[in-house]
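Q: Following this message is one structure expressed as structure tokens.
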Amino acid sequence: QDQKTWNFSAGPAVIPRPVLERAQRELLNWNNCGCSVMELSHRSPEFESILSKAEQDFRQILSIPKNYKVLWMQGGATAQFSAVVYNLLGSFDKTADYIVTGAWTSKAVEEAQRLGARVNVVANTKSTGHNGALPPISSWEFTPPSESAYIYYTSNETVHGVEFPDDEAFFSSLPAGVPVICDMSSNIMSRKIDITKYACIFAGAQKNIGPAGVTVLIIREDLIGTRVNPSLTIPIMLDYKICAENNSMYNTPPTYSIYIAGLVFEWLQSIGGLAAIEALNLRKSSKLYDTVAKSDGFYRCPVKEGYRSRMNIPFRIYGKDGQASKELEGKFLKEAEGRGMVQLKGHRSVGGIRASLYNAMPEEGVDALTGFMEEFRRANV
Ligand code: PMP
């Protein structure tokens with residue numbers, strides 16, 4: 001790198017260096033077409049080839065079955081909080097089940113309720129400050145399948161650092177036949193998943209996919225246009241059917257974001273796909289959690305083990321009085337920045353420190369951070 005900077009931002013986040021270098025090389029003249037991708041008509045064969053290659057690689061990486069459509073939408077992941085209600089609730093007689101493990105599902109619940117949906121919060125970790133301490137699945141009260149529209153959860157809560165274990169126990173405890181919707185914005189493509197367990201997955205791009213501006217959807221074909229709530233008129237840009245019928249180009253898509261996403265997919269394939277990145281992500285996050293664990297309580301992660309995110313790792317720094325110390329945290333952030341480790345400040349709603357270790361964060365960056373954490377602890381304990 002020109003300047004040794006490690007970017008721990010939660011999003012928009014670090015993009016693989018080789019991708020940025022390639023985009024730079026291709027900036028003025030893409031594929032000898034004489035202009036930049038930014039300047040290409042979305043209806044041109046050049047852009048159509050970019051879009052279809054991106055979809056093909058995305059499908060390959062995640063092993064997306066043929067009966068699932070990939071849609072490129074806009075309005076961020078937040079627009080999907082509304083879109084799922086418009087497209088998948090079916091009717092106001094149905095109930096939507098939400099599993100609340102942090103800030104983002106809470107927002108999705110608020111939006112569903114704002115649109116008039118009947119929401120059943122199956123489990124909620126709010127009273128614990130969203131520390132991942134979910135009650136046992138056997139105690140959750142799901143809506144009976146005949147009355148249930150869908151089950152909604154967030155696989156990785158970016159603010160609180162809570163990652164849902166993608167385990168058999170969870171999926172096998174869900175009522176049979178109810179569509180499962182998952183907000184995978186902050187951990188998509190970070191590990192292997194079985195797409196067939198989901199009815200609909202969506203993800204804002206600005207963490208593991210590429211720049212902000214595009215939201216990727218993976219949706220089972222039979223759900224498109226068949227669960228629309230007749231009491232609501234879907235704003236055209238949120239309509240899955242319109243989007244699918246128009247090959248994600250009902251209007252002008254965020255072409256440059258899609259192009260960069262395509263380069264990120266090629267990069268991920270080149271380093272070995274999901275198997276390789278999953279192993280790397282596990283190694284990187286374990287190094288950080290180990291550093292916290294071995295700090296004698298100087299650093300503490302509030303999230304319960306088993307639910308700790310490999311993508312976003314929040315921690316607090318404790319002073320001699322046994323309390324989390326804003327003063328020490330401020331000092332930590334300042335000194336880290338001096339060493340080129342940036343955007344480590346925790347979300348404003350929770351404070352403390354948060355290190356986001358998305359796919360594109362090299363292991364070297366994590367080594368730099370853990371090395372600094374050790375030094376800082378020794379100097380301030
Ligand atoms: N869901 C999750 C899990 C997120 O992390 C975010 C953004 N950080 C959102 C939804 C909202 O995304 P957007 O800002 O793209 O609307």
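Chain identifiers are assigned as A, B, and so on, following the order in which chains appear in the structure tokens; residues are numbered from 1 within each chain, and ligands are numbered from 1 in order of appearance.
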Which residues form the shell of 9 Å around ligand 1 when you count only C-alpha atoms and all ligand atoms, given as a PyMOL selection string?
A: chain A and resi 10-12+74-81+102-105+107-108+154-159+183-187+202-207+212-215
Q: Keeping C-alpha atoms for every residue in the selection just given, could you write it to a file as a CSV table (one decimal), in the first residue's frame?
A:
```csv
chain,number,residue,atom,x,y,z
A,10,ALA,CA,-18.1,-1.2,9.5
A,11,GLY,CA,-19.2,0.1,6.1
A,12,PRO,CA,-18.7,1.4,3.6
A,74,GLN,CA,-31.4,0.1,-4.7
A,75,GLY,CA,-32.3,2.0,-1.5
A,76,GLY,CA,-29.8,0.1,0.6
A,77,ALA,CA,-30.7,-2.8,2.8
A,78,THR,CA,-33.1,-0.4,4.6
A,79,ALA,CA,-35.4,-0.4,1.5
A,80,GLN,CA,-35.7,-4.2,2.0
A,81,PHE,CA,-37.1,-3.7,5.4
A,102,GLY,CA,-29.6,-6.2,17.5
A,103,ALA,CA,-30.2,-2.8,16.0
A,104,TRP,CA,-30.9,-3.8,12.4
A,105,THR,CA,-33.6,-6.3,13.1
A,107,LYS,CA,-35.3,-1.3,12.6
A,108,ALA,CA,-36.8,-3.9,10.3
A,154,THR,CA,-30.3,-10.8,10.7
A,155,SER,CA,-27.4,-13.2,10.3
A,156,ASN,CA,-24.9,-10.7,11.6
A,157,GLU,CA,-25.8,-7.6,13.6
A,158,THR,CA,-23.2,-5.1,12.5
A,159,VAL,CA,-23.6,-2.6,15.4
A,183,ASP,CA,-30.6,-9.8,6.2
A,184,MET,CA,-27.1,-10.9,5.4
A,185,SER,CA,-25.7,-7.4,4.7
A,186,SER,CA,-22.6,-7.7,6.9
A,187,ASN,CA,-21.6,-11.4,6.6
A,202,PHE,CA,-30.7,-9.6,1.0
A,203,ALA,CA,-27.5,-7.7,1.5
A,204,GLY,CA,-26.4,-4.1,1.1
A,205,ALA,CA,-23.1,-4.2,-0.8
A,206,GLN,CA,-20.9,-1.9,1.2
A,207,LYS,CA,-19.3,-4.6,3.4
A,212,ALA,CA,-22.5,1.3,-1.5
A,213,GLY,CA,-25.4,1.9,-3.9
A,214,VAL,CA,-26.6,-1.6,-4.7
A,215,THR,CA,-28.4,-4.2,-2.7
```
Q: Which residues, written as an MDAnalysis selection string, have at least one atom at most 12 Å from Tyr256 (chain A), with only C-alpha atoms counted and residues fewer than 6 positions away on the same chain left out?
A: chainID A and resid 23 26:27 30 36:42 47 50:51 54 210:214 262:263
Q: Just C-alpha atoms for this one: save the residues we selected as a PDB file, in the first residue's frame.
A:
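After the write, again_37.pdb holds the following:
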```
ATOM      1  CA  ALA A  23     -10.449  -0.490 -11.264  1.00  0.00           C
ATOM      2  CA  GLU A  26      -9.561   0.206 -16.144  1.00  0.00           C
ATOM      3  CA  LEU A  27     -10.916   3.579 -15.058  1.00  0.00           C
ATOM      4  CA  TRP A  30     -12.679  -0.304 -19.909  1.00  0.00           C
ATOM      5  CA  SER A  36     -15.118   4.394 -18.421  1.00  0.00           C
ATOM      6  CA  VAL A  37     -17.679   1.934 -17.063  1.00  0.00           C
ATOM      7  CA  MET A  38     -19.235   4.987 -15.403  1.00  0.00           C
ATOM      8  CA  GLU A  39     -19.936   6.396 -18.842  1.00  0.00           C
ATOM      9  CA  LEU A  40     -21.510   3.294 -20.370  1.00  0.00           C
ATOM     10  CA  SER A  41     -25.223   3.110 -21.025  1.00  0.00           C
ATOM     11  CA  HIS A  42     -26.818   0.482 -18.833  1.00  0.00           C
ATOM     12  CA  PHE A  47     -22.699  -3.154 -19.376  1.00  0.00           C
ATOM     13  CA  ILE A  50     -20.625  -6.789 -16.803  1.00  0.00           C
ATOM     14  CA  LEU A  51     -23.969  -7.452 -15.117  1.00  0.00           C
ATOM     15  CA  ALA A  54     -21.212 -10.466 -11.972  1.00  0.00           C
ATOM     16  CA  GLY A 210     -18.317  -3.639  -2.935  1.00  0.00           C
ATOM     17  CA  PRO A 211     -19.239   0.022  -2.846  1.00  0.00           C
ATOM     18  CA  ALA A 212     -22.536   1.337  -1.463  1.00  0.00           C
ATOM     19  CA  GLY A 213     -25.399   1.859  -3.864  1.00  0.00           C
ATOM     20  CA  VAL A 214     -26.565  -1.623  -4.690  1.00  0.00           C
ATOM     21  CA  GLY A 262     -18.107  -8.039 -10.116  1.00  0.00           C
ATOM     22  CA  LEU A 263     -14.396  -7.404  -9.595  1.00  0.00           C
TER      23      LEU A 263
END
```
Q: List every residue of region 127-194 of chain A that DSSP, applied to the backbone of this structure, assigns to strand (DSSP E or B), and report them as a list in words.
A: Ser148, Ala149, Tyr150, Ile151, Tyr152, Tyr153, Thr154, Asn156, Glu157, Val162, Glu163, Val180, Ile181, Cys182 and Asp183 of chain A
Q: Output C-alpha atoms of each residue in that selection to a file, as a CSV table (one decimal), in the first residue's frame.
A:
```csv
chain,number,residue,atom,x,y,z
A,148,SER,CA,-47.4,-17.1,9.4
A,149,ALA,CA,-46.1,-15.0,6.5
A,150,TYR,CA,-42.4,-15.5,7.1
A,151,ILE,CA,-39.6,-15.7,9.7
A,152,TYR,CA,-37.1,-12.9,9.6
A,153,TYR,CA,-33.6,-12.5,11.2
A,154,THR,CA,-30.3,-10.8,10.7
A,156,ASN,CA,-24.9,-10.7,11.6
A,157,GLU,CA,-25.8,-7.6,13.6
A,162,VAL,CA,-23.7,-10.6,17.1
A,163,GLU,CA,-23.5,-13.3,14.5
A,180,VAL,CA,-37.1,-17.7,6.1
A,181,ILE,CA,-35.9,-14.2,5.2
A,182,CYS,CA,-32.4,-13.1,6.2
A,183,ASP,CA,-30.6,-9.8,6.2
```
Q: Need to verify the contact set: Lys241 (chain A), 9 Å, only C-alpha atoms, exclusion of same-chain residues closer than 5 positions in sequence. Can you return it as an MDAnalysis selection string?
A: chainID A and resid 87 224:225 246
Q: Based on the selection just made, write C-alpha atoms of those residues as an mmCIF file, in the first residue's frame.
A:
```
data_model
loop_
_atom_site.group_PDB
_atom_site.id
_atom_site.type_symbol
_atom_site.label_atom_id
_atom_site.label_comp_id
_atom_site.auth_asym_id
_atom_site.auth_seq_id
_atom_site.Cartn_x
_atom_site.Cartn_y
_atom_site.Cartn_z
ATOM 1 C CA ASN A 87 -43.724 -8.472 -1.432
ATOM 2 C CA ILE A 224 -41.819 -13.550 -6.602
ATOM 3 C CA GLY A 225 -45.167 -11.868 -7.152
ATOM 4 C CA ASN A 246 -36.717 -6.301 -16.158
#
```
Q: What residues in region 130-357 of chain A get the DSSP label helix (DSSP H, G or I)? Please answer as a count of residues only.
A: 77
Q: Go through A:Cys33, A:Ile317, A:Ile277, A:Leu333 one by one, measure the shortest atom-to-atom distance of each to Met361 (chain A) using only C-alpha atoms, and give the residue with the smallest value.
A: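 Among the listed residues, the smallest separation from Met361 (chain A) belongs to A:Ile277.
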Q: Just to confirm, what's the straight-line distance from CA of Pro230 (chain A) to CA of Asp93 (chain A) in Å (one decimal)?
A: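 Computed distance, CA of Pro230 (chain A) to CA of Asp93 (chain A), equals 11.2 Å.
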